[in-house]
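Asks: I'm passing along input_35.csv; it holds CSV, C-alpha atoms.
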chain,number,residue,atom,x,y,z
A,1,MET,CA,23.3,-18.3,-13.5
A,2,ALA,CA,20.0,-19.4,-11.9
A,3,VAL,CA,16.9,-18.2,-13.6
A,4,VAL,CA,14.3,-16.8,-11.2
A,5,HIS,CA,11.4,-19.3,-11.5
A,6,ALA,CA,8.1,-19.3,-9.7
A,7,GLY,CA,9.7,-20.8,-6.6
A,8,THR,CA,11.7,-17.7,-5.7
A,9,ALA,CA,9.5,-15.2,-7.5
A,10,THR,CA,6.3,-16.1,-5.6
A,11,ALA,CA,7.5,-17.3,-2.2
A,12,THR,CA,8.0,-13.8,-1.1
A,13,ARG,CA,5.9,-10.6,-1.5
A,14,SER,CA,8.9,-8.4,-2.1
A,15,CYS,CA,10.8,-8.1,-5.4
A,16,THR,CA,13.6,-5.8,-6.4
A,17,PHE,CA,14.2,-5.6,-10.1
A,18,VAL,CA,17.9,-4.8,-10.8
A,19,GLY,CA,19.0,-3.5,-14.1
A,20,SER,CA,22.7,-4.2,-14.7
A,21,ALA,CA,25.2,-5.7,-17.1
A,22,THR,CA,24.4,-9.3,-16.3
A,23,GLY,CA,21.3,-11.1,-15.1
A,24,ASP,CA,18.7,-13.8,-15.6
A,25,TRP,CA,16.8,-11.8,-18.2
A,26,THR,CA,18.4,-10.0,-21.2
A,27,VAL,CA,16.9,-6.7,-22.3
A,28,THR,CA,15.8,-6.7,-25.9
A,29,SER,CA,14.3,-3.2,-25.9
A,30,MET,CA,13.6,-0.3,-23.6
A,31,ARG,CA,11.0,2.3,-24.6
A,32,THR,CA,9.7,5.3,-22.6
A,33,LEU,CA,6.0,6.1,-23.4
A,34,ALA,CA,5.6,8.8,-20.8
A,35,GLY,CA,7.7,10.7,-18.3
A,36,GLU,CA,11.4,10.2,-17.5
A,37,PRO,CA,13.2,7.3,-19.1
A,38,LEU,CA,15.2,4.8,-17.0
A,39,PRO,CA,19.0,4.5,-17.6
A,40,ALA,CA,20.0,1.7,-20.1
A,41,ALA,CA,20.7,-1.7,-18.8
A,42,GLY,CA,21.7,-4.9,-20.6
A,43,CYS,CA,20.0,-7.3,-18.2
A,44,VAL,CA,17.4,-7.5,-15.4
A,45,SER,CA,17.3,-9.8,-12.4
A,46,LEU,CA,14.7,-10.3,-9.7
A,47,HIS,CA,15.5,-10.5,-6.0
A,48,PRO,CA,13.5,-10.8,-2.8
A,49,ASP,CA,14.2,-8.5,0.2
A,50,GLY,CA,17.5,-9.4,1.9
A,51,ALA,CA,19.0,-11.1,-1.2
A,52,LEU,CA,20.2,-8.1,-3.2
A,53,PRO,CA,23.4,-8.6,-5.1
A,54,ASP,CA,26.4,-6.3,-4.5
A,55,ARG,CA,27.1,-5.8,-8.1
A,56,ASN,CA,26.9,-2.4,-9.7
A,57,ALA,CA,23.4,-1.6,-10.9
A,58,SER,CA,22.1,0.8,-13.4
A,59,TRP,CA,18.8,1.0,-11.4
A,60,ARG,CA,17.0,-0.9,-8.7
A,61,LEU,CA,13.2,-0.9,-8.5
A,62,ARG,CA,11.5,-2.4,-5.4
A,63,GLY,CA,7.9,-3.4,-5.1
A,64,LEU,CA,5.6,-5.7,-3.0
A,65,SER,CA,2.8,-7.9,-4.2
A,66,SER,CA,-0.4,-7.1,-2.2
A,67,HIS,CA,-4.1,-7.8,-2.1
A,68,GLU,CA,-6.2,-6.8,-5.1
A,69,ARG,CA,-7.6,-3.2,-4.9
A,70,TYR,CA,-10.4,-3.4,-7.5
A,71,VAL,CA,-11.5,-6.9,-8.3
A,72,THR,CA,-14.9,-8.3,-7.2
A,73,ARG,CA,-15.3,-11.8,-5.9
A,74,GLU,CA,-16.5,-13.0,-9.3
A,75,GLU,CA,-13.6,-11.4,-11.1
A,76,LYS,CA,-11.1,-12.8,-8.6
A,77,GLU,CA,-12.4,-16.3,-9.2
A,78,ARG,CA,-12.3,-15.9,-12.9
A,79,LEU,CA,-8.8,-14.7,-12.7
A,80,ALA,CA,-7.7,-17.4,-10.3
A,81,ALA,CA,-9.2,-20.1,-12.6
A,82,ARG,CA,-7.3,-18.9,-15.7
A,83,GLN,CA,-4.1,-17.2,-14.6
A,84,PRO,CA,-0.9,-19.3,-15.0
A,85,ALA,CA,2.1,-19.4,-12.6
A,86,LEU,CA,5.2,-17.5,-13.3
A,87,GLY,CA,8.3,-19.5,-14.3
A,88,ARG,CA,6.7,-21.7,-17.1
A,89,ALA,CA,9.5,-23.3,-19.1
A,90,GLN,CA,8.0,-22.1,-22.4
A,91,ALA,CA,7.6,-18.5,-21.2
A,92,THR,CA,11.0,-17.2,-22.3
A,93,CYS,CA,9.7,-13.7,-23.1
A,94,ALA,CA,9.0,-11.2,-20.4
A,95,ALA,CA,8.2,-7.5,-19.9
A,96,LEU,CA,8.7,-5.2,-17.0
A,97,ILE,CA,6.5,-2.2,-17.1
A,98,PRO,CA,7.1,0.4,-14.3
A,99,LEU,CA,4.2,2.9,-14.1
A,100,ARG,CA,3.3,6.0,-12.2
A,101,LYS,CA,-0.1,7.5,-12.1
A,102,SER,CA,-0.9,11.2,-11.6
A,103,ALA,CA,-2.0,13.0,-8.4
A,104,ALA,CA,-5.4,13.3,-10.0
A,105,TRP,CA,-5.8,9.5,-10.0
A,106,TRP,CA,-4.9,9.2,-6.4
A,107,ALA,CA,-7.3,12.0,-5.4
A,108,LEU,CA,-10.2,10.0,-6.9
A,109,ALA,CA,-12.4,8.1,-4.4
A,110,GLN,CA,-12.5,4.3,-4.6
A,111,ASP,CA,-15.8,4.1,-6.5
A,112,GLU,CA,-14.5,6.6,-9.1
A,113,ARG,CA,-11.2,4.7,-9.6
A,114,ARG,CA,-13.1,1.5,-10.0
A,115,ARG,CA,-15.4,3.1,-12.6
A,116,VAL,CA,-12.5,4.4,-14.7
A,117,LEU,CA,-10.4,1.2,-14.3
A,118,GLU,CA,-13.1,-1.3,-15.2
A,119,ASP,CA,-16.5,0.2,-16.2
A,120,ARG,CA,-14.9,2.6,-18.7
A,121,SER,CA,-11.5,1.0,-19.4
A,122,ALA,CA,-12.2,-2.7,-19.0
A,123,HIS,CA,-8.7,-3.3,-17.5
A,124,ILE,CA,-9.7,-6.5,-15.7
A,125,ALA,CA,-11.7,-7.9,-18.6
A,126,THR,CA,-8.9,-7.1,-21.1
A,127,GLY,CA,-6.4,-8.9,-18.9
A,128,LEU,CA,-8.7,-11.9,-18.7
A,129,ARG,CA,-8.8,-12.2,-22.5
A,130,TYR,CA,-5.1,-12.8,-22.6
A,131,LEU,CA,-5.1,-15.6,-20.0
A,132,PRO,CA,-3.6,-18.1,-19.8
A,133,ALA,CA,-1.1,-16.9,-22.5
A,134,VAL,CA,0.3,-14.0,-20.4
A,135,ALA,CA,1.3,-14.6,-16.8
A,136,ARG,CA,1.3,-11.4,-14.8
A,137,ARG,CA,2.4,-10.2,-11.4
A,138,LEU,CA,1.7,-6.8,-10.0
A,139,TYR,CA,4.1,-5.2,-7.4
A,140,HIS,CA,3.1,-2.0,-5.6
A,141,CYS,CA,5.6,0.6,-4.7
A,142,ARG,CA,3.7,3.8,-4.0
A,143,ASP,CA,3.4,3.0,-0.3
A,144,LEU,CA,7.0,1.9,0.3
A,145,GLY,CA,8.0,5.5,1.2
A,146,GLU,CA,7.7,9.1,0.1
A,147,HIS,CA,8.5,10.1,-3.4
A,148,GLN,CA,8.8,6.7,-5.1
A,149,PRO,CA,9.8,6.8,-8.8
A,150,PHE,CA,6.9,4.5,-9.7
A,151,ASP,CA,3.5,3.4,-8.2
A,152,PHE,CA,3.6,-0.1,-9.8
A,153,LEU,CA,5.9,-2.6,-11.4
A,154,THR,CA,4.1,-5.1,-13.5
A,155,TRP,CA,6.0,-8.2,-14.6
A,156,PHE,CA,4.7,-10.3,-17.5
A,157,GLU,CA,5.9,-13.7,-18.9
A,158,PHE,CA,4.8,-15.3,-22.1
A,159,ALA,CA,6.0,-17.7,-24.9
A,160,PRO,CA,7.6,-16.1,-28.0
A,161,ALA,CA,4.6,-17.1,-30.1
A,162,ASP,CA,2.3,-15.0,-27.8
A,163,THR,CA,4.3,-11.8,-28.4
A,164,PRO,CA,1.7,-10.4,-30.9
A,165,ALA,CA,-1.1,-11.1,-28.3
A,166,PHE,CA,0.9,-9.3,-25.6
A,167,ASP,CA,1.4,-6.3,-28.0
A,168,ARG,CA,-2.4,-6.2,-28.4
A,169,LEU,CA,-3.0,-6.3,-24.7
A,170,LEU,CA,-0.7,-3.3,-24.1
A,171,ALA,CA,-2.2,-1.4,-27.0
A,172,ALA,CA,-5.7,-1.9,-25.6
A,173,LEU,CA,-4.7,-0.8,-22.1
A,174,ARG,CA,-2.8,2.3,-23.4
A,175,ALA,CA,-5.8,3.4,-25.5
A,176,SER,CA,-8.1,3.3,-22.4
A,177,GLU,CA,-9.4,6.2,-20.3
A,178,GLU,CA,-7.4,4.8,-17.3
A,179,TRP,CA,-4.1,5.6,-19.2
A,180,THR,CA,-4.9,9.3,-19.3
A,181,TYR,CA,-3.9,9.1,-15.6
A,182,VAL,CA,-0.5,7.5,-16.4
A,183,GLU,CA,2.3,10.0,-16.1
A,184,ARG,CA,5.3,7.7,-16.3
A,185,ASP,CA,5.4,4.5,-18.4
A,186,VAL,CA,8.6,2.6,-19.3
A,187,GLU,CA,8.4,-0.7,-21.2
A,188,ILE,CA,11.3,-3.1,-20.9
A,189,ARG,CA,11.1,-6.2,-23.1
A,190,LEU,CA,13.2,-9.2,-22.1
A,191,THR,CA,14.3,-12.7,-23.1
A,192,ARG,CA,15.3,-15.3,-20.6
A,193,SER,CA,19.1,-15.2,-20.6
A,194,ASP,CA,19.4,-19.0,-20.8
A,195,ALA,CA,17.1,-19.0,-23.8
A,196,VAL,CA,19.2,-16.4,-25.7
A,197,MET,CA,20.9,-18.2,-28.7
A,198,PRO,CA,24.7,-18.1,-28.2
A,199,PHE,CA,25.3,-16.6,-31.6
A,200,ALA,CA,28.8,-15.6,-30.8
A,201,GLU,CA,29.9,-19.1,-29.8
A,202,GLY,CA,32.4,-20.7,-32.2
A,203,TYR,CA,33.3,-17.5,-34.0
B,1,MET,CA,10.5,19.9,23.5
B,2,ALA,CA,8.6,20.7,20.4
B,3,VAL,CA,5.1,19.3,20.1
B,4,VAL,CA,4.3,17.7,16.8
B,5,HIS,CA,1.5,19.9,15.4
B,6,ALA,CA,-0.2,19.6,12.1
B,7,GLY,CA,2.6,21.3,10.2
B,8,THR,CA,5.1,18.5,10.7
B,9,ALA,CA,2.5,15.8,11.0
B,10,THR,CA,0.8,16.5,7.7
B,11,ALA,CA,3.5,17.8,5.5
B,12,THR,CA,4.9,14.4,4.9
B,13,ARG,CA,3.2,11.1,4.2
B,14,SER,CA,5.5,9.1,6.4
B,15,CYS,CA,5.4,8.9,10.2
B,16,THR,CA,7.4,6.8,12.6
B,17,PHE,CA,5.9,6.5,16.1
B,18,VAL,CA,8.6,6.1,18.7
B,19,GLY,CA,7.9,4.7,22.1
B,20,SER,CA,10.5,5.8,24.6
B,21,ALA,CA,11.2,7.4,28.0
B,22,THR,CA,10.7,11.0,26.7
B,23,GLY,CA,8.6,12.5,24.0
B,24,ASP,CA,5.9,14.9,22.9
B,25,TRP,CA,3.0,12.7,24.1
B,26,THR,CA,2.9,11.0,27.5
B,27,VAL,CA,1.4,7.6,27.7
B,28,THR,CA,-1.5,7.4,30.2
B,29,SER,CA,-2.5,3.8,29.4
B,30,MET,CA,-1.6,0.9,27.1
B,31,ARG,CA,-4.0,-2.0,26.6
B,32,THR,CA,-3.8,-5.0,24.4
B,33,LEU,CA,-7.2,-6.1,23.1
B,34,ALA,CA,-5.9,-8.8,20.7
B,35,GLY,CA,-2.6,-10.5,19.8
B,36,GLU,CA,0.9,-9.7,21.1
B,37,PRO,CA,1.3,-6.6,23.4
B,38,LEU,CA,3.9,-3.9,22.7
B,39,PRO,CA,6.6,-3.3,25.3
B,40,ALA,CA,5.8,-0.5,27.8
B,41,ALA,CA,6.9,3.0,26.9
B,42,GLY,CA,6.5,6.2,29.0
B,43,CYS,CA,6.1,8.6,26.0
B,44,VAL,CA,5.5,8.6,22.2
B,45,SER,CA,6.8,10.9,19.6
B,46,LEU,CA,6.1,11.3,15.9
B,47,HIS,CA,8.8,11.6,13.2
B,48,PRO,CA,8.8,11.9,9.4
B,49,ASP,CA,11.2,9.7,7.4
B,50,GLY,CA,14.8,10.9,7.7
B,51,ALA,CA,14.2,12.6,11.1
B,52,LEU,CA,14.4,9.8,13.5
B,53,PRO,CA,16.0,10.5,16.9
B,54,ASP,CA,19.0,8.4,18.0
B,55,ARG,CA,17.7,7.9,21.5
B,56,ASN,CA,16.9,4.4,22.8
B,57,ALA,CA,13.4,3.4,21.9
B,58,SER,CA,11.2,0.7,23.3
B,59,TRP,CA,9.6,0.4,19.9
B,60,ARG,CA,9.3,2.1,16.5
B,61,LEU,CA,6.3,1.8,14.3
B,62,ARG,CA,6.4,3.3,10.8
B,63,GLY,CA,3.5,4.0,8.5
B,64,LEU,CA,2.5,6.1,5.5
B,65,SER,CA,-0.7,8.0,4.9
B,66,SER,CA,-2.1,7.0,1.5
B,67,HIS,CA,-5.2,7.3,-0.7
B,68,GLU,CA,-8.5,6.1,0.7
B,69,ARG,CA,-9.3,2.4,-0.1
B,70,TYR,CA,-13.0,2.3,0.5
B,71,VAL,CA,-14.7,5.7,0.5
B,72,THR,CA,-17.1,6.8,-2.3
B,73,ARG,CA,-16.9,10.3,-3.7
B,74,GLU,CA,-20.0,11.2,-1.6
B,75,GLU,CA,-18.4,9.9,1.6
B,76,LYS,CA,-15.1,11.5,0.8
B,77,GLU,CA,-16.8,14.9,0.5
B,78,ARG,CA,-18.7,14.5,3.7
B,79,LEU,CA,-15.5,13.5,5.5
B,80,ALA,CA,-13.6,16.4,4.0
B,81,ALA,CA,-16.3,18.9,5.0
B,82,ARG,CA,-16.3,17.8,8.7
B,83,GLN,CA,-12.8,16.4,9.5
B,84,PRO,CA,-10.6,18.7,11.6
B,85,ALA,CA,-6.8,19.2,11.2
B,86,LEU,CA,-4.4,17.5,13.6
B,87,GLY,CA,-2.6,19.8,16.0
B,88,ARG,CA,-5.6,21.7,17.4
B,89,ALA,CA,-4.5,23.6,20.6
B,90,GLN,CA,-7.4,22.1,22.7
B,91,ALA,CA,-6.8,18.5,21.4
B,92,THR,CA,-4.5,17.6,24.2
B,93,CYS,CA,-5.6,13.9,24.3
B,94,ALA,CA,-4.5,11.4,21.7
B,95,ALA,CA,-4.6,7.7,21.0
B,96,LEU,CA,-2.4,5.5,18.8
B,97,ILE,CA,-4.0,2.3,17.8
B,98,PRO,CA,-1.9,-0.2,15.8
B,99,LEU,CA,-4.0,-2.9,14.2
B,100,ARG,CA,-3.3,-6.0,12.2
B,101,LYS,CA,-6.1,-7.8,10.3
B,102,SER,CA,-6.1,-11.5,9.5
B,103,ALA,CA,-5.1,-13.3,6.3
B,104,ALA,CA,-8.8,-14.0,5.8
B,105,TRP,CA,-9.5,-10.2,5.5
B,106,TRP,CA,-6.7,-9.7,2.9
B,107,ALA,CA,-8.0,-12.7,0.9
B,108,LEU,CA,-11.4,-11.0,0.4
B,109,ALA,CA,-12.1,-9.3,-2.9
B,110,GLN,CA,-12.5,-5.5,-2.9
B,111,ASP,CA,-16.4,-5.6,-3.0
B,112,GLU,CA,-16.4,-8.1,-0.1
B,113,ARG,CA,-14.2,-5.9,2.1
B,114,ARG,CA,-16.3,-2.8,1.3
B,115,ARG,CA,-19.5,-4.7,2.3
B,116,VAL,CA,-18.0,-5.8,5.6
B,117,LEU,CA,-16.4,-2.5,6.4
B,118,GLU,CA,-19.3,-0.2,5.5
B,119,ASP,CA,-22.5,-2.0,4.6
B,120,ARG,CA,-22.4,-4.3,7.6
B,121,SER,CA,-20.1,-2.5,10.0
B,122,ALA,CA,-20.7,1.2,9.2
B,123,HIS,CA,-17.1,2.1,9.8
B,124,ILE,CA,-17.2,5.3,7.8
B,125,ALA,CA,-20.6,6.4,9.0
B,126,THR,CA,-19.6,5.7,12.6
B,127,GLY,CA,-16.4,7.8,12.2
B,128,LEU,CA,-18.5,10.6,10.6
B,129,ARG,CA,-20.7,10.8,13.7
B,130,TYR,CA,-17.6,11.8,15.8
B,131,LEU,CA,-16.5,14.6,13.6
B,132,PRO,CA,-15.3,17.2,14.2
B,133,ALA,CA,-14.6,16.2,17.8
B,134,VAL,CA,-12.1,13.5,16.9
B,135,ALA,CA,-9.3,14.2,14.4
B,136,ARG,CA,-8.0,11.1,12.8
B,137,ARG,CA,-5.1,10.1,10.6
B,138,LEU,CA,-4.6,6.6,9.2
B,139,TYR,CA,-1.1,5.3,8.3
B,140,HIS,CA,-0.7,2.2,6.3
B,141,CYS,CA,2.2,-0.3,7.0
B,142,ARG,CA,1.2,-3.6,5.5
B,143,ASP,CA,2.9,-2.7,2.2
B,144,LEU,CA,6.1,-1.3,3.7
B,145,GLY,CA,7.8,-4.7,3.5
B,146,GLU,CA,7.3,-8.4,4.3
B,147,HIS,CA,6.1,-9.4,7.8
B,148,GLN,CA,5.1,-6.1,9.3
B,149,PRO,CA,4.0,-6.2,12.9
B,150,PHE,CA,0.8,-4.2,12.0
B,151,ASP,CA,-1.2,-3.3,8.9
B,152,PHE,CA,-2.4,0.1,10.1
B,153,LEU,CA,-1.5,2.8,12.7
B,154,THR,CA,-4.4,5.1,13.5
B,155,TRP,CA,-3.7,8.3,15.3
B,156,PHE,CA,-6.6,10.2,17.0
B,157,GLU,CA,-6.6,13.7,18.7
B,158,PHE,CA,-9.4,15.1,20.8
B,159,ALA,CA,-10.1,17.5,23.7
B,160,PRO,CA,-10.3,15.9,27.2
B,161,ALA,CA,-14.0,16.6,27.3
B,162,ASP,CA,-14.5,14.4,24.2
B,163,THR,CA,-12.9,11.4,25.8
B,164,PRO,CA,-16.3,9.7,26.5
B,165,ALA,CA,-17.3,10.2,22.8
B,166,PHE,CA,-14.0,8.7,21.7
B,167,ASP,CA,-14.6,5.7,24.0
B,168,ARG,CA,-18.0,5.2,22.4
B,169,LEU,CA,-16.5,5.4,18.9
B,170,LEU,CA,-14.0,2.6,19.8
B,171,ALA,CA,-16.7,0.5,21.4
B,172,ALA,CA,-18.9,0.8,18.3
B,173,LEU,CA,-16.0,-0.2,15.9
B,174,ARG,CA,-14.9,-3.1,18.1
B,175,ALA,CA,-18.5,-4.5,18.3
B,176,SER,CA,-18.7,-4.6,14.4
B,177,GLU,CA,-18.3,-7.6,12.1
B,178,GLU,CA,-15.2,-5.9,10.6
B,179,TRP,CA,-13.4,-6.4,14.0
B,180,THR,CA,-13.8,-10.2,13.7
B,181,TYR,CA,-11.0,-9.8,11.2
B,182,VAL,CA,-8.7,-8.0,13.6
B,183,GLU,CA,-6.0,-10.2,15.1
B,184,ARG,CA,-3.8,-7.6,16.8
B,185,ASP,CA,-5.1,-4.5,18.5
B,186,VAL,CA,-3.1,-2.4,20.9
B,187,GLU,CA,-4.6,0.8,22.3
B,188,ILE,CA,-2.2,3.5,23.6
B,189,ARG,CA,-3.8,6.6,25.3
B,190,LEU,CA,-1.8,9.7,25.5
B,191,THR,CA,-1.8,13.3,26.8
B,192,ARG,CA,0.3,16.0,25.2
B,193,SER,CA,3.4,16.3,27.3
B,194,ASP,CA,3.2,20.1,27.5
B,195,ALA,CA,-0.3,19.8,28.8
B,196,VAL,CA,0.6,17.4,31.6
B,197,MET,CA,0.2,19.2,34.9
B,198,PRO,CA,3.7,19.5,36.5
B,199,PHE,CA,2.6,17.9,39.8
B,200,ALA,CA,6.1,17.3,40.9
B,201,GLU,CA,7.2,20.9,40.6
B,202,GLY,CA,8.0,22.7,43.8
B,203,TYR,CA,8.1,19.5,45.8
Spell out the structure here as structure tokens.
Replies:
Amino acid sequence: MAVVHAGTATATRSCTFVGSATGDWTVTSMRTLAGEPLPAAGCVSLHPDGALPDRNASWRLRGLSSHERYVTREEKERLAARQPALGRAQATCAALIPLRKSAAWWALAQDERRRVLEDRSAHIATGLRYLPAVARRLYHCRDLGEHQPFDFLTWFEFAPADTPAFDRLLAALRASEEWTYVERDVEIRLTRSDAVMPFAEGY
Amino acid sequence: MAVVHAGTATATRSCTFVGSATGDWTVTSMRTLAGEPLPAAGCVSLHPDGALPDRNASWRLRGLSSHERYVTREEKERLAARQPALGRAQATCAALIPLRKSAAWWALAQDERRRVLEDRSAHIATGLRYLPAVARRLYHCRDLGEHQPFDFLTWFEFAPADTPAFDRLLAALRASEEWTYVERDVEIRLTRSDAVMPFAEGY
């Protein structure tokens, strides 16, 4: 089964994450931190628009990568200089974190959201500290249609040795003022299926 | 035929504008200022998701209203205090202006887009000067999917006597630095179909 590397994952803006019994990434844990859980799934695969598999899915979550909503020119350049591509051979660990923020968040003005997100929660600065270890791609879903289950789908890739660093990144973000506006937060940890040791073989 | 008043137009975030032979709003002119034109249509009607008519359409343009991307708290409150609802009985004139901005616009950082949009183009301040005469609702379409024909659909409603003011509003925006980033701009002027004088009756 083909692993979705940077070529397919970045050539298109759209991505549908499909949770099902088979797929390019194997689920190692699913944890619900806020709101409704997602149904269990053994694997996750990523598909651009128009290339969805027919197979039975436990869930499908669609998002689109888009322009940045908060970063300044200076931050954008610091990010661009440090952020790695998706699909690095050593990055066999991943996480998919679907999030929904509250109506109170979306009712804030742009300057208020920026103040909470960066001035008081250091979201961008925190992410920068974990570059280039953790590759990240943000997909937006709030404006795909009415009543979306999530506002964002964030996809992270990192090497197994960087798992403790990734844990610290998540802990820092979740301790921030920004996270008081998060009303649904599901964390799905994954290992690339072709990197899973075939323990069962030979038995 | 039911006119789409504020009740239906504002209860949902989604709106598909359908250009066809019949509809709640009658086209009085269509003008292409930049990029590809839209096919001609005699009328336009507005429909929320899930309520699209089966009839033949010349074109369908879908958008979603969303949170504001640039306004500060102070601007948001000044807008809220002055902006009228859609569907006012006297507002029998309307305009639908689908726009697409260039890749250069979307590659700007948030602070750069804000500086062009307001500090140097006074987009928000200009709009405020025409309140409460001109009611306005912005629909986003850039993040509905890949390769959308437009980034935004803006819908305006005003009384016939405010047409010269509306013309000045458009002229001011189009003369701004922000408009150097507009690569497709189609202007559709409309009159509410139930307000069109039935000249043909009795002949």
Asks: For a quick test of understanding: name the residues of chain A lying within 8 Å of chain B when counting all atoms listed in the file, and present them as an NGL selection string.
Replies: :A and (12-14 or 64 or 66-73 or 76 or 106-112 or 140 or 143-146)
Asks: Looking at all atoms listed in the file, which of B:Gln83, B:Thr180, B:Ser102, B:Ser193 is the one that sits closest to Ser45 (chain B)?
Replies: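 Among B:Gln83, B:Thr180, B:Ser102, B:Ser193, it is B:Ser193 that comes nearest to Ser45 (chain B).
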Asks: Return as JSON lines the residues of region 75-156 of chain B lying at most 10 Å from region 22-39 of chain B, together with the closest atom-to-atom pair for each and the distance in Å to one decimal, counting all atoms listed in the file, with rows in chain order and ascending residue number.
Replies:
{"residue": "B:Thr92", "atom": "CA", "partner": "B:Trp25", "partner_atom": "CA", "distance": 9.0}
{"residue": "B:Cys93", "atom": "CA", "partner": "B:Trp25", "partner_atom": "CA", "distance": 8.7}
{"residue": "B:Ala94", "atom": "CA", "partner": "B:Trp25", "partner_atom": "CA", "distance": 8.0}
{"residue": "B:Ala95", "atom": "CA", "partner": "B:Val27", "partner_atom": "CA", "distance": 9.0}
{"residue": "B:Leu96", "atom": "CA", "partner": "B:Met30", "partner_atom": "CA", "distance": 9.5}
{"residue": "B:Ile97", "atom": "CA", "partner": "B:Met30", "partner_atom": "CA", "distance": 9.7}
{"residue": "B:Pro98", "atom": "CA", "partner": "B:Leu38", "partner_atom": "CA", "distance": 9.7}
{"residue": "B:Leu99", "atom": "CA", "partner": "B:Ala34", "partner_atom": "CA", "distance": 9.0}
{"residue": "B:Arg100", "atom": "CA", "partner": "B:Gly35", "partner_atom": "CA", "distance": 8.9}
{"residue": "B:Pro149", "atom": "CA", "partner": "B:Glu36", "partner_atom": "CA", "distance": 9.4}
Asks: Keeping only C-alpha atoms, take the residues you just selected and write them out as a CSV table (one decimal), in the frame of the given file.
Replies:
chain,number,residue,atom,x,y,z
B,92,THR,CA,-4.5,17.6,24.2
B,93,CYS,CA,-5.6,13.9,24.3
B,94,ALA,CA,-4.5,11.4,21.7
B,95,ALA,CA,-4.6,7.7,21.0
B,96,LEU,CA,-2.4,5.5,18.8
B,97,ILE,CA,-4.0,2.3,17.8
B,98,PRO,CA,-1.9,-0.2,15.8
B,99,LEU,CA,-4.0,-2.9,14.2
B,100,ARG,CA,-3.3,-6.0,12.2
B,149,PRO,CA,4.0,-6.2,12.9
Asks: Rounded to one decimal, what separation in Å do you get between CA of Pro84 (chain B) and CA of Val44 (chain B)?
Replies: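 Going from CA of Pro84 (chain B) over to CA of Val44 (chain B), I get 21.8 Å.
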Asks: Using all atoms listed in the file, which protein or nucleic acid residues come within 9 Å of Ala40 (chain A)? Drop anything in the same chain fewer than 6 positions from it, and give the result as a ChimeraX atom specification.
Replies: /A:19-20,30,58-59
Asks: Of the candidates A:Pro53, A:Pro160, A:Gly42, A:Gly87, which one gets nearest to Arg136 (chain A) if we count all atoms listed in the file?
Replies: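 Residue with the minimum atom-to-atom distance to Arg136 (chain A): A:Gly87.
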Asks: Quick one: pull the distance between CA of Val134 (chain B) and CA of Leu52 (chain B), Å, one decimal.
Replies: 27.0 Å
Asks: Quick one: pull the distance between CA of Val18 (chain B) and CA of Leu61 (chain B), Å, one decimal.
Replies: 6.6 Å
Asks: Hey, what's within 10 Å of Ala125 (chain A) if we count all atoms listed in the file and toss same-chain stuff fewer than 5 positions away? As an NGL selection string, please?
Replies: :A and (75 or 78-79 or 118-119 or 130)
Asks: Write the selection just made, keeping C-alpha atoms, as a short mmCIF file (atom, residue, chain, number, x, y, z; two decimals), keeping the file's coordinate frame?
Replies:
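And here is the file that came out, out04.cif:
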data_model
loop_
_atom_site.label_atom_id
_atom_site.label_comp_id
_atom_site.auth_asym_id
_atom_site.auth_seq_id
_atom_site.Cartn_x
_atom_site.Cartn_y
_atom_site.Cartn_z
CA GLU A 75 -13.60 -11.40 -11.10
CA ARG A 78 -12.30 -15.90 -12.90
CA LEU A 79 -8.80 -14.70 -12.70
CA GLU A 118 -13.10 -1.30 -15.20
CA ASP A 119 -16.50 0.20 -16.20
CA TYR A 130 -5.10 -12.80 -22.60
#
Asks: Calculated over all atoms listed in the file, which of the candidates B:Arg60, B:His123, B:Arg168, B:Arg129 has the smallest distance to His47 (chain B)?
Replies: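 Of B:Arg60, B:His123, B:Arg168, B:Arg129, the one nearest His47 (chain B), counting all atoms listed in the file, is B:Arg60.
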